[in-house]
Amino acid sequence: MRWWCLLGPWLLGAFSLAAAADEPLPEPMALADALRLARDQVPLRLQAEAERTAGLAAVRESATLDGVHLTLGGELRLIQPSSLATNQDRNDSRAHLLLEKRLYDAGYSTARETAAQARLEAGQWRVRAARQEQALAIMRAFYDVLLADLAFARDNEAMSVAFVRLDRARDRHELGQLSDLDLLALESRYEETHRAQRRSAARQRTARSRLALVLGRPGELSSELVMPEIEVKAPADEVFETFWEQVRERHPRLRALAAELRAAREALAAARASQGPVLSARVEAGAWHRRTSSTHPLAGGVHVEWPLLDAGRREAAVARAQAALTRAQAAWQAGLQEVRQQALEAWLARETLAAELESLQVEGDYRDLYLDRSRARYEQEIKTDLGDAMVRISEVRLKTARVRFDWALNEARLRAMTGELLEDLP
């Protein structure tokens with residue numbers, strides 16, 4: 001039962017994740033549902049998992065260098081015995097069992113194993129980064145669907161207003177109160193509004209298709225999503241350098257690059273020690289068909305190998321490892337600069353988005369009052385722009401939602417930079 005105590009929780013967790021991934025998408029669907037029901041069989045996750053599996057295989061392979069090796073060998077052969085031999089049997093077939101353990105190899109096996117461990121660690125951080133990227137992509141696609149719905153509502157409202165105006169204009173045209181040119185201008189404006197409405201309808205479908213793809217559920221389109229409640233808070237009085245230190249220590253991509261850099265250094269050390277002396281302990285048991293005074297059933301000892309000439313193999317291996325180390329160093333520096341710039345931009349975006357939302361709130365209050373006045377004038381049968389006021393309200397609603405979603409995405413991005421997983425975001 002010990003194996004179940006060790007593997008049971010992991011197997012149950014994997015089974016529950018698989019069951020959640022096979023669960024149908026709810027209607028309506030909230031963001032938490034999308035994050036929970038996303039499948040991990042997406043290209044980004046699969047590639048990262050493949051790198052991690054390759055790292056695990058490299059660790060196992062490197063561990064075999066100084067492990068215990070048991071080899072069974074045999075040979076069937078005929079000989080022409082020497083005339084001086086006491087045993088003139090021509091059948092010189094034999095079998096042997098060799099037990100071997102490497103004792104010393106100038107640090108080669110240790111360096112290779114350390115490099116493999118570092119590559120495995122890099123693969124694990126790549127998997128974590130891929131999970132975060134998928135979560136951010138889900139959030140972005142989820143918000144895009146909501147924005148597409150709001151844009152369609154705005155354009156649909158604008159088309160209704162344009163249709164009413166065109167219908168009234170046609171009545172006035174029949175009464176001779178409107179010229180042909182003015183009527184054609186209204187018809188052109190209506191057709192333009194109608195085209196915008198059709199484009200918005202198409203964006204609704206494409207946005208839902210994109211969400212289904214990042215969820216790993218192609219073809220499963222959700223007709224209705226739950227609008228999340230996003231609270232935009234004023235940025236805290238924290239120094240960027242303090243935040244950057246956290247990012248530098250915890251960012252999954254930087255940690256993967258750092259592990260790959262360590263792996264490259266150890267691979268260079270292994271290349272330099274690849275042609276050093278190798279000391280092994282050997283125990284051999286043998287069986288011979290043709291027994292002589294020199295055959296023995298059991299032997300043991302220490303075996304030493306030290307290559308003296310390798311035709312430049314070591315130098316070539318060192319050159320390749322040095323080039324790989326240089327690439328890893330360049331990748332680390334480039335990643336560090338890129339992540340720092342991304343962190344700074346995300347850090348400064350908080351203040352910009354908060355100010356933009358505050359401005360939109362003022363505009364929203366103005367549009368609400370303007371709509372109330374338009375309704376009052378409409379009820380009093382005074383010439384009014386009630387339809388335009390309603391379209392403007394929808395426009396402000398769309399802009400506000402876009403800023404709130406940008407804020408939420410930016411906050412999630414900041415959290416991801418410090419290594420926090422995002423699957424369980426509310």
# chains A, B, ... in the order shown; residues from 1 in each chain; ligands from 1
>>> select_by_dssp(residues="segment 190-351 of chain A", states="strand (DSSP E or B)", output="ChimeraX atom specification")
/A:225,278-288,298-305
>>> select_by_dssp(residues="segment 124-291 of chain A", states="helix (DSSP H, G or I)", output="tab-separated table (two decimals) with N, CA and C atoms, in the first residue's frame")
chain	number	residue	atom	x	y	z
A	124	GLN	N	10.89	22.43	-16.25
A	124	GLN	CA	9.79	22.62	-15.30
A	124	GLN	C	9.35	24.08	-15.25
A	125	TRP	N	10.32	25.00	-15.31
A	125	TRP	CA	9.94	26.41	-15.32
A	125	TRP	C	9.28	26.79	-16.64
A	126	ARG	N	9.68	26.14	-17.73
A	126	ARG	CA	9.02	26.39	-19.01
A	126	ARG	C	7.56	25.94	-18.95
A	127	VAL	N	7.31	24.81	-18.29
A	127	VAL	CA	5.94	24.34	-18.14
A	127	VAL	C	5.12	25.35	-17.33
A	128	ARG	N	5.71	25.86	-16.26
A	128	ARG	CA	5.00	26.86	-15.44
A	128	ARG	C	4.71	28.12	-16.27
A	129	ALA	N	5.69	28.56	-17.04
A	129	ALA	CA	5.48	29.73	-17.88
A	129	ALA	C	4.39	29.48	-18.92
A	130	ALA	N	4.37	28.26	-19.48
A	130	ALA	CA	3.34	27.94	-20.46
A	130	ALA	C	1.95	27.93	-19.83
A	131	ARG	N	1.85	27.43	-18.61
A	131	ARG	CA	0.56	27.46	-17.91
A	131	ARG	C	0.11	28.89	-17.70
A	132	GLN	N	1.03	29.76	-17.33
A	132	GLN	CA	0.67	31.16	-17.13
A	132	GLN	C	0.26	31.82	-18.45
A	133	GLU	N	1.01	31.52	-19.52
A	133	GLU	CA	0.67	32.09	-20.82
A	133	GLU	C	-0.71	31.65	-21.27
A	134	GLN	N	-1.05	30.38	-21.01
A	134	GLN	CA	-2.38	29.91	-21.39
A	134	GLN	C	-3.46	30.62	-20.57
A	135	ALA	N	-3.21	30.80	-19.27
A	135	ALA	CA	-4.18	31.49	-18.43
A	135	ALA	C	-4.39	32.93	-18.90
A	136	LEU	N	-3.28	33.62	-19.22
A	136	LEU	CA	-3.41	34.99	-19.73
A	136	LEU	C	-4.12	35.02	-21.07
A	137	ALA	N	-3.84	34.03	-21.93
A	137	ALA	CA	-4.52	33.97	-23.23
A	137	ALA	C	-6.01	33.72	-23.05
A	138	ILE	N	-6.37	32.90	-22.07
A	138	ILE	CA	-7.79	32.65	-21.79
A	138	ILE	C	-8.46	33.93	-21.33
A	139	MET	N	-7.82	34.64	-20.41
A	139	MET	CA	-8.40	35.90	-19.94
A	139	MET	C	-8.57	36.88	-21.09
A	140	ARG	N	-7.54	37.00	-21.93
A	140	ARG	CA	-7.60	37.94	-23.05
A	140	ARG	C	-8.73	37.55	-24.01
A	141	ALA	N	-8.83	36.25	-24.34
A	141	ALA	CA	-9.88	35.81	-25.25
A	141	ALA	C	-11.27	35.96	-24.64
A	142	PHE	N	-11.38	35.71	-23.33
A	142	PHE	CA	-12.66	35.87	-22.63
A	142	PHE	C	-13.12	37.33	-22.70
A	143	TYR	N	-12.20	38.24	-22.41
A	143	TYR	CA	-12.55	39.66	-22.45
A	143	TYR	C	-12.85	40.11	-23.89
A	144	ASP	N	-12.16	39.54	-24.86
A	144	ASP	CA	-12.43	39.90	-26.25
A	144	ASP	C	-13.85	39.52	-26.65
A	145	VAL	N	-14.34	38.40	-26.16
A	145	VAL	CA	-15.73	38.01	-26.46
A	145	VAL	C	-16.70	39.03	-25.86
A	146	LEU	N	-16.46	39.42	-24.61
A	146	LEU	CA	-17.34	40.41	-23.99
A	146	LEU	C	-17.28	41.74	-24.73
A	147	LEU	N	-16.11	42.16	-25.15
A	147	LEU	CA	-15.99	43.40	-25.90
A	147	LEU	C	-16.68	43.30	-27.25
A	148	ALA	N	-16.59	42.13	-27.90
A	148	ALA	CA	-17.29	41.93	-29.17
A	148	ALA	C	-18.80	42.02	-28.97
A	149	ASP	N	-19.30	41.48	-27.86
A	149	ASP	CA	-20.74	41.58	-27.58
A	149	ASP	C	-21.16	43.03	-27.34
A	150	LEU	N	-20.34	43.77	-26.59
A	150	LEU	CA	-20.67	45.17	-26.34
A	150	LEU	C	-20.60	45.99	-27.63
A	151	ALA	N	-19.61	45.70	-28.48
A	151	ALA	CA	-19.51	46.42	-29.75
A	151	ALA	C	-20.71	46.10	-30.64
A	152	PHE	N	-21.15	44.85	-30.62
A	152	PHE	CA	-22.33	44.50	-31.42
A	152	PHE	C	-23.57	45.21	-30.89
A	153	ALA	N	-23.69	45.28	-29.56
A	153	ALA	CA	-24.84	45.99	-28.99
A	153	ALA	C	-24.84	47.46	-29.41
A	154	ARG	N	-23.66	48.08	-29.39
A	154	ARG	CA	-23.56	49.49	-29.82
A	154	ARG	C	-23.93	49.64	-31.29
A	155	ASP	N	-23.34	48.80	-32.15
A	155	ASP	CA	-23.59	48.92	-33.58
A	155	ASP	C	-25.03	48.54	-33.93
A	156	ASN	N	-25.60	47.58	-33.20
A	156	ASN	CA	-26.98	47.21	-33.44
A	156	ASN	C	-27.92	48.34	-33.06
A	157	GLU	N	-27.59	49.02	-31.96
A	157	GLU	CA	-28.39	50.18	-31.55
A	157	GLU	C	-28.27	51.31	-32.56
A	158	ALA	N	-27.05	51.53	-33.05
A	158	ALA	CA	-26.84	52.57	-34.06
A	158	ALA	C	-27.60	52.26	-35.34
A	159	MET	N	-27.65	50.97	-35.72
A	159	MET	CA	-28.38	50.60	-36.92
A	159	MET	C	-29.87	50.82	-36.75
A	160	SER	N	-30.39	50.53	-35.54
A	160	SER	CA	-31.81	50.76	-35.28
A	160	SER	C	-32.15	52.24	-35.41
A	161	VAL	N	-31.27	53.08	-34.85
A	161	VAL	CA	-31.50	54.53	-34.95
A	161	VAL	C	-31.45	54.97	-36.41
A	162	ALA	N	-30.46	54.45	-37.16
A	162	ALA	CA	-30.34	54.83	-38.57
A	162	ALA	C	-31.54	54.36	-39.38
A	163	PHE	N	-32.07	53.19	-39.04
A	163	PHE	CA	-33.24	52.67	-39.77
A	163	PHE	C	-34.47	53.53	-39.51
A	164	VAL	N	-34.66	53.91	-38.25
A	164	VAL	CA	-35.82	54.77	-37.93
A	164	VAL	C	-35.72	56.09	-38.68
A	165	ARG	N	-34.52	56.66	-38.70
A	165	ARG	CA	-34.33	57.93	-39.41
A	165	ARG	C	-34.57	57.76	-40.91
A	166	LEU	N	-34.11	56.68	-41.47
A	166	LEU	CA	-34.31	56.46	-42.90
A	166	LEU	C	-35.78	56.24	-43.21
A	167	ASP	N	-36.48	55.52	-42.35
A	167	ASP	CA	-37.90	55.28	-42.57
A	167	ASP	C	-38.70	56.59	-42.54
A	168	ARG	N	-38.37	57.43	-41.57
A	168	ARG	CA	-39.04	58.73	-41.51
A	168	ARG	C	-38.67	59.59	-42.71
A	169	ALA	N	-37.42	59.52	-43.14
A	169	ALA	CA	-36.99	60.32	-44.29
A	169	ALA	C	-37.72	59.89	-45.56
A	170	ARG	N	-37.97	58.60	-45.69
A	170	ARG	CA	-38.71	58.14	-46.86
A	170	ARG	C	-40.14	58.67	-46.87
A	171	ASP	N	-40.74	58.71	-45.68
A	171	ASP	CA	-42.09	59.29	-45.60
A	171	ASP	C	-42.06	60.76	-45.99
A	172	ARG	N	-41.07	61.48	-45.51
A	172	ARG	CA	-40.97	62.91	-45.85
A	172	ARG	C	-40.65	63.08	-47.33
A	173	HIS	N	-39.89	62.15	-47.90
A	173	HIS	CA	-39.56	62.24	-49.32
A	173	HIS	C	-40.81	62.06	-50.19
A	174	GLU	N	-41.68	61.13	-49.76
A	174	GLU	CA	-42.92	60.92	-50.50
A	174	GLU	C	-43.83	62.15	-50.43
A	180	ASP	N	-34.06	64.27	-53.09
A	180	ASP	CA	-33.46	62.97	-53.42
A	180	ASP	C	-32.04	62.87	-52.87
A	181	LEU	N	-31.30	63.95	-52.95
A	181	LEU	CA	-29.92	63.93	-52.48
A	181	LEU	C	-29.84	63.65	-50.98
A	182	ASP	N	-30.70	64.32	-50.20
A	182	ASP	CA	-30.70	64.10	-48.75
A	182	ASP	C	-31.14	62.68	-48.42
A	183	LEU	N	-32.09	62.14	-49.18
A	183	LEU	CA	-32.52	60.76	-48.93
A	183	LEU	C	-31.40	59.78	-49.24
A	184	LEU	N	-30.70	59.99	-50.34
A	184	LEU	CA	-29.58	59.10	-50.67
A	184	LEU	C	-28.48	59.19	-49.62
A	185	ALA	N	-28.26	60.37	-49.06
A	185	ALA	CA	-27.25	60.51	-48.01
A	185	ALA	C	-27.63	59.70	-46.78
A	186	LEU	N	-28.90	59.70	-46.41
A	186	LEU	CA	-29.36	58.91	-45.26
A	186	LEU	C	-29.29	57.42	-45.56
A	187	GLU	N	-29.63	57.03	-46.80
A	187	GLU	CA	-29.53	55.62	-47.17
A	187	GLU	C	-28.08	55.14	-47.14
A	188	SER	N	-27.16	55.98	-47.61
A	188	SER	CA	-25.74	55.63	-47.56
A	188	SER	C	-25.25	55.48	-46.13
A	189	ARG	N	-25.71	56.39	-45.26
A	189	ARG	CA	-25.31	56.32	-43.86
A	189	ARG	C	-25.87	55.06	-43.20
A	190	TYR	N	-27.09	54.69	-43.57
A	190	TYR	CA	-27.69	53.47	-43.02
A	190	TYR	C	-26.93	52.23	-43.47
A	191	GLU	N	-26.56	52.17	-44.75
A	191	GLU	CA	-25.83	51.01	-45.25
A	191	GLU	C	-24.46	50.91	-44.57
A	192	GLU	N	-23.82	52.05	-44.34
A	192	GLU	CA	-22.54	52.03	-43.64
A	192	GLU	C	-22.71	51.51	-42.22
A	193	THR	N	-23.75	51.94	-41.55
A	193	THR	CA	-24.03	51.46	-40.19
A	193	THR	C	-24.37	49.97	-40.20
A	194	HIS	N	-25.10	49.54	-41.24
A	194	HIS	CA	-25.45	48.13	-41.34
A	194	HIS	C	-24.21	47.27	-41.56
A	195	ARG	N	-23.27	47.75	-42.38
A	195	ARG	CA	-22.02	47.02	-42.57
A	195	ARG	C	-21.23	46.90	-41.27
A	196	ALA	N	-21.21	47.97	-40.50
A	196	ALA	CA	-20.52	47.93	-39.21
A	196	ALA	C	-21.17	46.91	-38.28
A	197	GLN	N	-22.49	46.83	-38.33
A	197	GLN	CA	-23.20	45.87	-37.49
A	197	GLN	C	-22.89	44.44	-37.91
A	198	ARG	N	-22.80	44.19	-39.21
A	198	ARG	CA	-22.45	42.84	-39.69
A	198	ARG	C	-21.02	42.48	-39.31
A	199	ARG	N	-20.11	43.45	-39.40
A	199	ARG	CA	-18.73	43.18	-38.99
A	199	ARG	C	-18.66	42.86	-37.50
A	200	SER	N	-19.45	43.55	-36.70
A	200	SER	CA	-19.48	43.26	-35.26
A	200	SER	C	-20.01	41.87	-35.00
A	201	ALA	N	-21.02	41.45	-35.76
A	201	ALA	CA	-21.55	40.09	-35.60
A	201	ALA	C	-20.49	39.05	-35.96
A	202	ALA	N	-19.71	39.32	-37.01
A	202	ALA	CA	-18.64	38.39	-37.38
A	202	ALA	C	-17.56	38.34	-36.30
A	203	ARG	N	-17.25	39.49	-35.70
A	203	ARG	CA	-16.24	39.51	-34.62
A	203	ARG	C	-16.73	38.73	-33.41
A	204	GLN	N	-18.03	38.72	-33.18
A	204	GLN	CA	-18.55	37.90	-32.08
A	204	GLN	C	-18.21	36.43	-32.30
A	205	ARG	N	-18.41	35.95	-33.52
A	205	ARG	CA	-18.14	34.55	-33.81
A	205	ARG	C	-16.65	34.23	-33.75
A	206	THR	N	-15.83	35.09	-34.36
A	206	THR	CA	-14.39	34.83	-34.35
A	206	THR	C	-13.81	34.92	-32.94
A	207	ALA	N	-14.32	35.84	-32.12
A	207	ALA	CA	-13.83	35.94	-30.74
A	207	ALA	C	-14.17	34.69	-29.95
A	208	ARG	N	-15.36	34.14	-30.16
A	208	ARG	CA	-15.73	32.91	-29.46
A	208	ARG	C	-14.92	31.72	-29.96
A	209	SER	N	-14.63	31.70	-31.25
A	209	SER	CA	-13.79	30.63	-31.78
A	209	SER	C	-12.38	30.70	-31.20
A	210	ARG	N	-11.85	31.91	-31.06
A	210	ARG	CA	-10.52	32.08	-30.48
A	210	ARG	C	-10.51	31.63	-29.02
A	211	LEU	N	-11.56	31.94	-28.28
A	211	LEU	CA	-11.66	31.49	-26.89
A	211	LEU	C	-11.70	29.97	-26.82
A	212	ALA	N	-12.45	29.34	-27.70
A	212	ALA	CA	-12.52	27.88	-27.70
A	212	ALA	C	-11.15	27.27	-27.98
A	213	LEU	N	-10.37	27.89	-28.86
A	213	LEU	CA	-9.04	27.35	-29.19
A	213	LEU	C	-8.09	27.45	-28.01
A	214	VAL	N	-8.08	28.58	-27.32
A	214	VAL	CA	-7.15	28.70	-26.19
A	214	VAL	C	-7.59	27.83	-25.02
A	240	PHE	N	9.44	50.91	-8.11
A	240	PHE	CA	9.55	49.90	-9.18
A	240	PHE	C	10.70	48.95	-8.92
A	241	GLU	N	11.82	49.45	-8.42
A	241	GLU	CA	12.98	48.59	-8.22
A	241	GLU	C	12.67	47.46	-7.24
A	242	THR	N	11.82	47.73	-6.25
A	242	THR	CA	11.43	46.66	-5.32
A	242	THR	C	10.65	45.58	-6.05
A	243	PHE	N	9.72	46.01	-6.89
A	243	PHE	CA	8.96	45.04	-7.69
A	243	PHE	C	9.88	44.30	-8.65
A	244	TRP	N	10.83	45.01	-9.25
A	244	TRP	CA	11.73	44.37	-10.21
A	244	TRP	C	12.58	43.30	-9.55
A	245	GLU	N	13.00	43.49	-8.34
A	245	GLU	CA	13.78	42.47	-7.65
A	245	GLU	C	12.96	41.19	-7.49
A	246	GLN	N	11.67	41.33	-7.19
A	246	GLN	CA	10.80	40.15	-7.09
A	246	GLN	C	10.67	39.46	-8.44
A	247	VAL	N	10.51	40.26	-9.49
A	247	VAL	CA	10.39	39.68	-10.83
A	247	VAL	C	11.67	38.96	-11.22
A	248	ARG	N	12.79	39.56	-10.95
A	248	ARG	CA	14.08	38.95	-11.33
A	248	ARG	C	14.29	37.63	-10.62
A	249	GLU	N	13.82	37.51	-9.41
A	249	GLU	CA	14.02	36.28	-8.65
A	249	GLU	C	12.99	35.20	-8.99
A	250	ARG	N	11.76	35.60	-9.40
A	250	ARG	CA	10.67	34.64	-9.49
A	250	ARG	C	10.12	34.43	-10.89
A	252	PRO	N	9.17	33.01	-14.18
A	252	PRO	CA	9.44	31.65	-14.68
A	252	PRO	C	10.39	31.62	-15.87
A	253	ARG	N	10.24	32.56	-16.78
A	253	ARG	CA	11.12	32.56	-17.95
A	253	ARG	C	12.56	32.84	-17.55
A	254	LEU	N	12.77	33.79	-16.65
A	254	LEU	CA	14.13	34.10	-16.21
A	254	LEU	C	14.74	32.92	-15.45
A	255	ARG	N	13.93	32.25	-14.66
A	255	ARG	CA	14.45	31.10	-13.92
A	255	ARG	C	14.80	29.96	-14.88
A	256	ALA	N	14.00	29.80	-15.95
A	256	ALA	CA	14.33	28.79	-16.95
A	256	ALA	C	15.63	29.14	-17.66
A	257	LEU	N	15.79	30.42	-18.01
A	257	LEU	CA	17.03	30.84	-18.68
A	257	LEU	C	18.24	30.68	-17.77
A	258	ALA	N	18.06	30.99	-16.48
A	258	ALA	CA	19.16	30.82	-15.53
A	258	ALA	C	19.55	29.35	-15.40
A	259	ALA	N	18.54	28.46	-15.36
A	259	ALA	CA	18.83	27.03	-15.29
A	259	ALA	C	19.52	26.55	-16.55
A	260	GLU	N	19.10	27.05	-17.71
A	260	GLU	CA	19.75	26.67	-18.96
A	260	GLU	C	21.20	27.17	-19.00
A	261	LEU	N	21.45	28.33	-18.40
A	261	LEU	CA	22.82	28.84	-18.33
A	261	LEU	C	23.69	27.95	-17.46
A	262	ARG	N	23.16	27.51	-16.32
A	262	ARG	CA	23.90	26.58	-15.47
A	262	ARG	C	24.17	25.27	-16.21
A	263	ALA	N	23.17	24.80	-16.94
A	263	ALA	CA	23.34	23.56	-17.69
A	263	ALA	C	24.44	23.70	-18.73
A	264	ALA	N	24.50	24.86	-19.39
A	264	ALA	CA	25.54	25.08	-20.40
A	264	ALA	C	26.93	25.10	-19.76
A	265	ARG	N	27.04	25.70	-18.58
A	265	ARG	CA	28.34	25.72	-17.89
A	265	ARG	C	28.78	24.30	-17.51
A	266	GLU	N	27.85	23.51	-17.01
A	266	GLU	CA	28.19	22.14	-16.63
A	266	GLU	C	28.49	21.29	-17.86
A	267	ALA	N	27.79	21.56	-18.96
A	267	ALA	CA	28.08	20.81	-20.19
A	267	ALA	C	29.49	21.13	-20.69
A	268	LEU	N	29.94	22.36	-20.52
A	268	LEU	CA	31.31	22.72	-20.89
A	268	LEU	C	32.31	21.99	-20.00
A	269	ALA	N	32.02	21.92	-18.70
A	269	ALA	CA	32.90	21.18	-17.80
A	269	ALA	C	32.95	19.70	-18.17
A	270	ALA	N	31.81	19.14	-18.57
A	270	ALA	CA	31.79	17.73	-18.98
A	270	ALA	C	32.60	17.53	-20.25
A	271	ALA	N	32.51	18.47	-21.19
A	271	ALA	CA	33.29	18.35	-22.42
A	271	ALA	C	34.78	18.38	-22.14
A	272	ARG	N	35.20	19.23	-21.22
A	272	ARG	CA	36.62	19.32	-20.88
A	272	ARG	C	37.13	18.06	-20.21
>>> closest_residue(among="A:Ala50, A:Leu78, A:Leu97, A:Ile393", to="Ala287 of chain A", atoms="only C-alpha atoms")
A:Leu97
>>> residues_around(residues="Gln275 of chain A", least_positions_apart="5", cutoff="12 Å", atoms="only C-alpha atoms", output="number ranges by chain")
A: 105-109, 269-270, 305-318
>>> closest_residue(among="A:Gly301, A:Arg217, A:Ala122, A:Glu411", to="Lys233 of chain A", atoms="only C-alpha atoms")
A:Glu411
>>> residues_around(residues="Trp347 of chain A", least_positions_apart="2", cutoff="12 Å", atoms="only C-alpha atoms", output="ChimeraX atom specification")
/A:235-244,247,339-345,349-354,407,410-415,417
>>> closest_residue(among="A:Thr295, A:Gln80, A:Thr114, A:Thr400", to="Ala95 of chain A", atoms="only C-alpha atoms")
A:Thr295
>>> closest_atom_pairs(of="segment 99-167 of chain A", to="segment 52-59 of chain A", cutoff="6 Å", atoms="only C-alpha atoms", output="tab-separated table")
residue	atom	partner	partner_atom	distance
A:Ala116	CA	A:Val59	CA	4.9
A:Gln117	CA	A:Val59	CA	5.8
A:Arg119	CA	A:Gly55	CA	5.4
A:Leu120	CA	A:Gly55	CA	4.1
A:Gly123	CA	A:Arg52	CA	4.1
A:Gln124	CA	A:Arg52	CA	5.7
>>> residues_around(residues="His289 of chain A", least_positions_apart="4", cutoff="10 Å", atoms="only C-alpha atoms", output="list in words")
Leu76, Asp89, Arg90, Asn91, Asp92, Ser93, Arg94 and Ala95 of chain A
>>> write_last_selection(atoms="C-alpha atoms", output="PDB file, in the first residue's frame")
ATOM      1  CA  LEU A  76      30.753 -19.370 -30.608  1.00  0.00           C
ATOM      2  CA  ASP A  89      39.597 -29.497 -28.662  1.00  0.00           C
ATOM      3  CA  ARG A  90      38.734 -27.053 -31.509  1.00  0.00           C
ATOM      4  CA  ASN A  91      35.520 -25.746 -29.891  1.00  0.00           C
ATOM      5  CA  ASP A  92      36.589 -22.553 -28.079  1.00  0.00           C
ATOM      6  CA  SER A  93      33.065 -21.253 -27.352  1.00  0.00           C
ATOM      7  CA  ARG A  94      32.513 -19.342 -24.143  1.00  0.00           C
ATOM      8  CA  ALA A  95      30.051 -17.203 -22.128  1.00  0.00           C
TER       9      ALA A  95
END
>>> residues_around(residues="Pro28 of chain A", least_positions_apart="4", cutoff="8 Å", atoms="only C-alpha atoms", output="count of residues only")
5
>>> atom_distance(atom1="atom CA of Leu44 of chain A", atom2="atom CA of Pro24 of chain A")
22.4 Å
>>> atom_distance(atom1="atom CA of Thr71 of chain A", atom2="atom CA of Pro297 of chain A")
15.7 Å
>>> closest_residue(among="A:Val302, A:Leu178, A:Thr110, A:Leu25", to="Leu221 of chain A", atoms="only C-alpha atoms")
A:Leu25
>>> atom_distance(atom1="atom CA of Lys399 of chain A", atom2="atom CA of Leu31 of chain A")
19.9 Å
>>> residues_around(residues="Glu229 of chain A", least_positions_apart="2", cutoff="10 Å", atoms="only C-alpha atoms", output="PDB file with N, CA and C atoms, in the first residue's frame")
ATOM      1  N   VAL A 226     -20.403  35.577 -18.504  1.00  0.00           N
ATOM      2  CA  VAL A 226     -20.724  36.400 -17.338  1.00  0.00           C
ATOM      3  C   VAL A 226     -19.768  37.579 -17.281  1.00  0.00           C
ATOM      4  N   MET A 227     -20.320  38.770 -17.200  1.00  0.00           N
ATOM      5  CA  MET A 227     -19.478  39.968 -17.090  1.00  0.00           C
ATOM      6  C   MET A 227     -18.820  39.998 -15.711  1.00  0.00           C
ATOM      7  N   GLU A 231     -12.560  45.510  -9.943  1.00  0.00           N
ATOM      8  CA  GLU A 231     -12.337  46.698  -9.126  1.00  0.00           C
ATOM      9  C   GLU A 231     -10.969  47.273  -9.452  1.00  0.00           C
ATOM     10  N   VAL A 232     -10.964  48.495  -9.930  1.00  0.00           N
ATOM     11  CA  VAL A 232      -9.716  49.166 -10.274  1.00  0.00           C
ATOM     12  C   VAL A 232      -9.256  49.978  -9.068  1.00  0.00           C
ATOM     13  N   ARG A 404     -11.292  48.507 -18.156  1.00  0.00           N
ATOM     14  CA  ARG A 404     -11.324  47.599 -17.001  1.00  0.00           C
ATOM     15  C   ARG A 404     -10.663  46.261 -17.348  1.00  0.00           C
ATOM     16  N   PHE A 405     -10.935  45.757 -18.529  1.00  0.00           N
ATOM     17  CA  PHE A 405     -10.321  44.491 -18.932  1.00  0.00           C
ATOM     18  C   PHE A 405      -8.812  44.653 -19.093  1.00  0.00           C
ATOM     19  N   PRO A 426     -10.266  34.457  -9.421  1.00  0.00           N
ATOM     20  CA  PRO A 426     -11.718  34.513  -9.314  1.00  0.00           C
ATOM     21  C   PRO A 426     -12.319  35.130 -10.569  1.00  0.00           C
TER      22      PRO A 426
END
>>> decode(residues="segment 113-125 of chain A", atoms="N, CA and C atoms", output="PDB file, in the first residue's frame")
ATOM      1  N   GLU A 113      25.529  14.908 -15.169  1.00  0.00           N
ATOM      2  CA  GLU A 113      24.308  14.759 -14.374  1.00  0.00           C
ATOM      3  C   GLU A 113      23.821  16.119 -13.870  1.00  0.00           C
ATOM      4  N   THR A 114      24.747  16.973 -13.444  1.00  0.00           N
ATOM      5  CA  THR A 114      24.359  18.309 -12.982  1.00  0.00           C
ATOM      6  C   THR A 114      23.743  19.117 -14.117  1.00  0.00           C
ATOM      7  N   ALA A 115      24.330  19.003 -15.315  1.00  0.00           N
ATOM      8  CA  ALA A 115      23.768  19.697 -16.477  1.00  0.00           C
ATOM      9  C   ALA A 115      22.379  19.184 -16.802  1.00  0.00           C
ATOM     10  N   ALA A 116      22.181  17.886 -16.715  1.00  0.00           N
ATOM     11  CA  ALA A 116      20.863  17.319 -16.997  1.00  0.00           C
ATOM     12  C   ALA A 116      19.839  17.772 -15.955  1.00  0.00           C
ATOM     13  N   GLN A 117      20.248  17.826 -14.695  1.00  0.00           N
ATOM     14  CA  GLN A 117      19.341  18.310 -13.654  1.00  0.00           C
ATOM     15  C   GLN A 117      18.941  19.762 -13.920  1.00  0.00           C
ATOM     16  N   ALA A 118      19.899  20.579 -14.348  1.00  0.00           N
ATOM     17  CA  ALA A 118      19.594  21.979 -14.650  1.00  0.00           C
ATOM     18  C   ALA A 118      18.642  22.086 -15.832  1.00  0.00           C
ATOM     19  N   ARG A 119      18.823  21.245 -16.865  1.00  0.00           N
ATOM     20  CA  ARG A 119      17.905  21.264 -18.003  1.00  0.00           C
ATOM     21  C   ARG A 119      16.504  20.827 -17.578  1.00  0.00           C
ATOM     22  N   LEU A 120      16.435  19.850 -16.688  1.00  0.00           N
ATOM     23  CA  LEU A 120      15.126  19.428 -16.184  1.00  0.00           C
ATOM     24  C   LEU A 120      14.457  20.567 -15.420  1.00  0.00           C
ATOM     25  N   GLU A 121      15.221  21.266 -14.602  1.00  0.00           N
ATOM     26  CA  GLU A 121      14.670  22.415 -13.871  1.00  0.00           C
ATOM     27  C   GLU A 121      14.182  23.488 -14.846  1.00  0.00           C
ATOM     28  N   ALA A 122      14.963  23.727 -15.904  1.00  0.00           N
ATOM     29  CA  ALA A 122      14.530  24.701 -16.917  1.00  0.00           C
ATOM     30  C   ALA A 122      13.231  24.265 -17.573  1.00  0.00           C
ATOM     31  N   GLY A 123      13.124  22.963 -17.863  1.00  0.00           N
ATOM     32  CA  GLY A 123      11.884  22.465 -18.461  1.00  0.00           C
ATOM     33  C   GLY A 123      10.690  22.634 -17.549  1.00  0.00           C
ATOM     34  N   GLN A 124      10.891  22.432 -16.254  1.00  0.00           N
ATOM     35  CA  GLN A 124       9.792  22.617 -15.305  1.00  0.00           C
ATOM     36  C   GLN A 124       9.349  24.077 -15.252  1.00  0.00           C
ATOM     37  N   TRP A 125      10.316  25.005 -15.307  1.00  0.00           N
ATOM     38  CA  TRP A 125       9.945  26.414 -15.325  1.00  0.00           C
ATOM     39  C   TRP A 125       9.277  26.789 -16.640  1.00  0.00           C
TER      40      TRP A 125
END
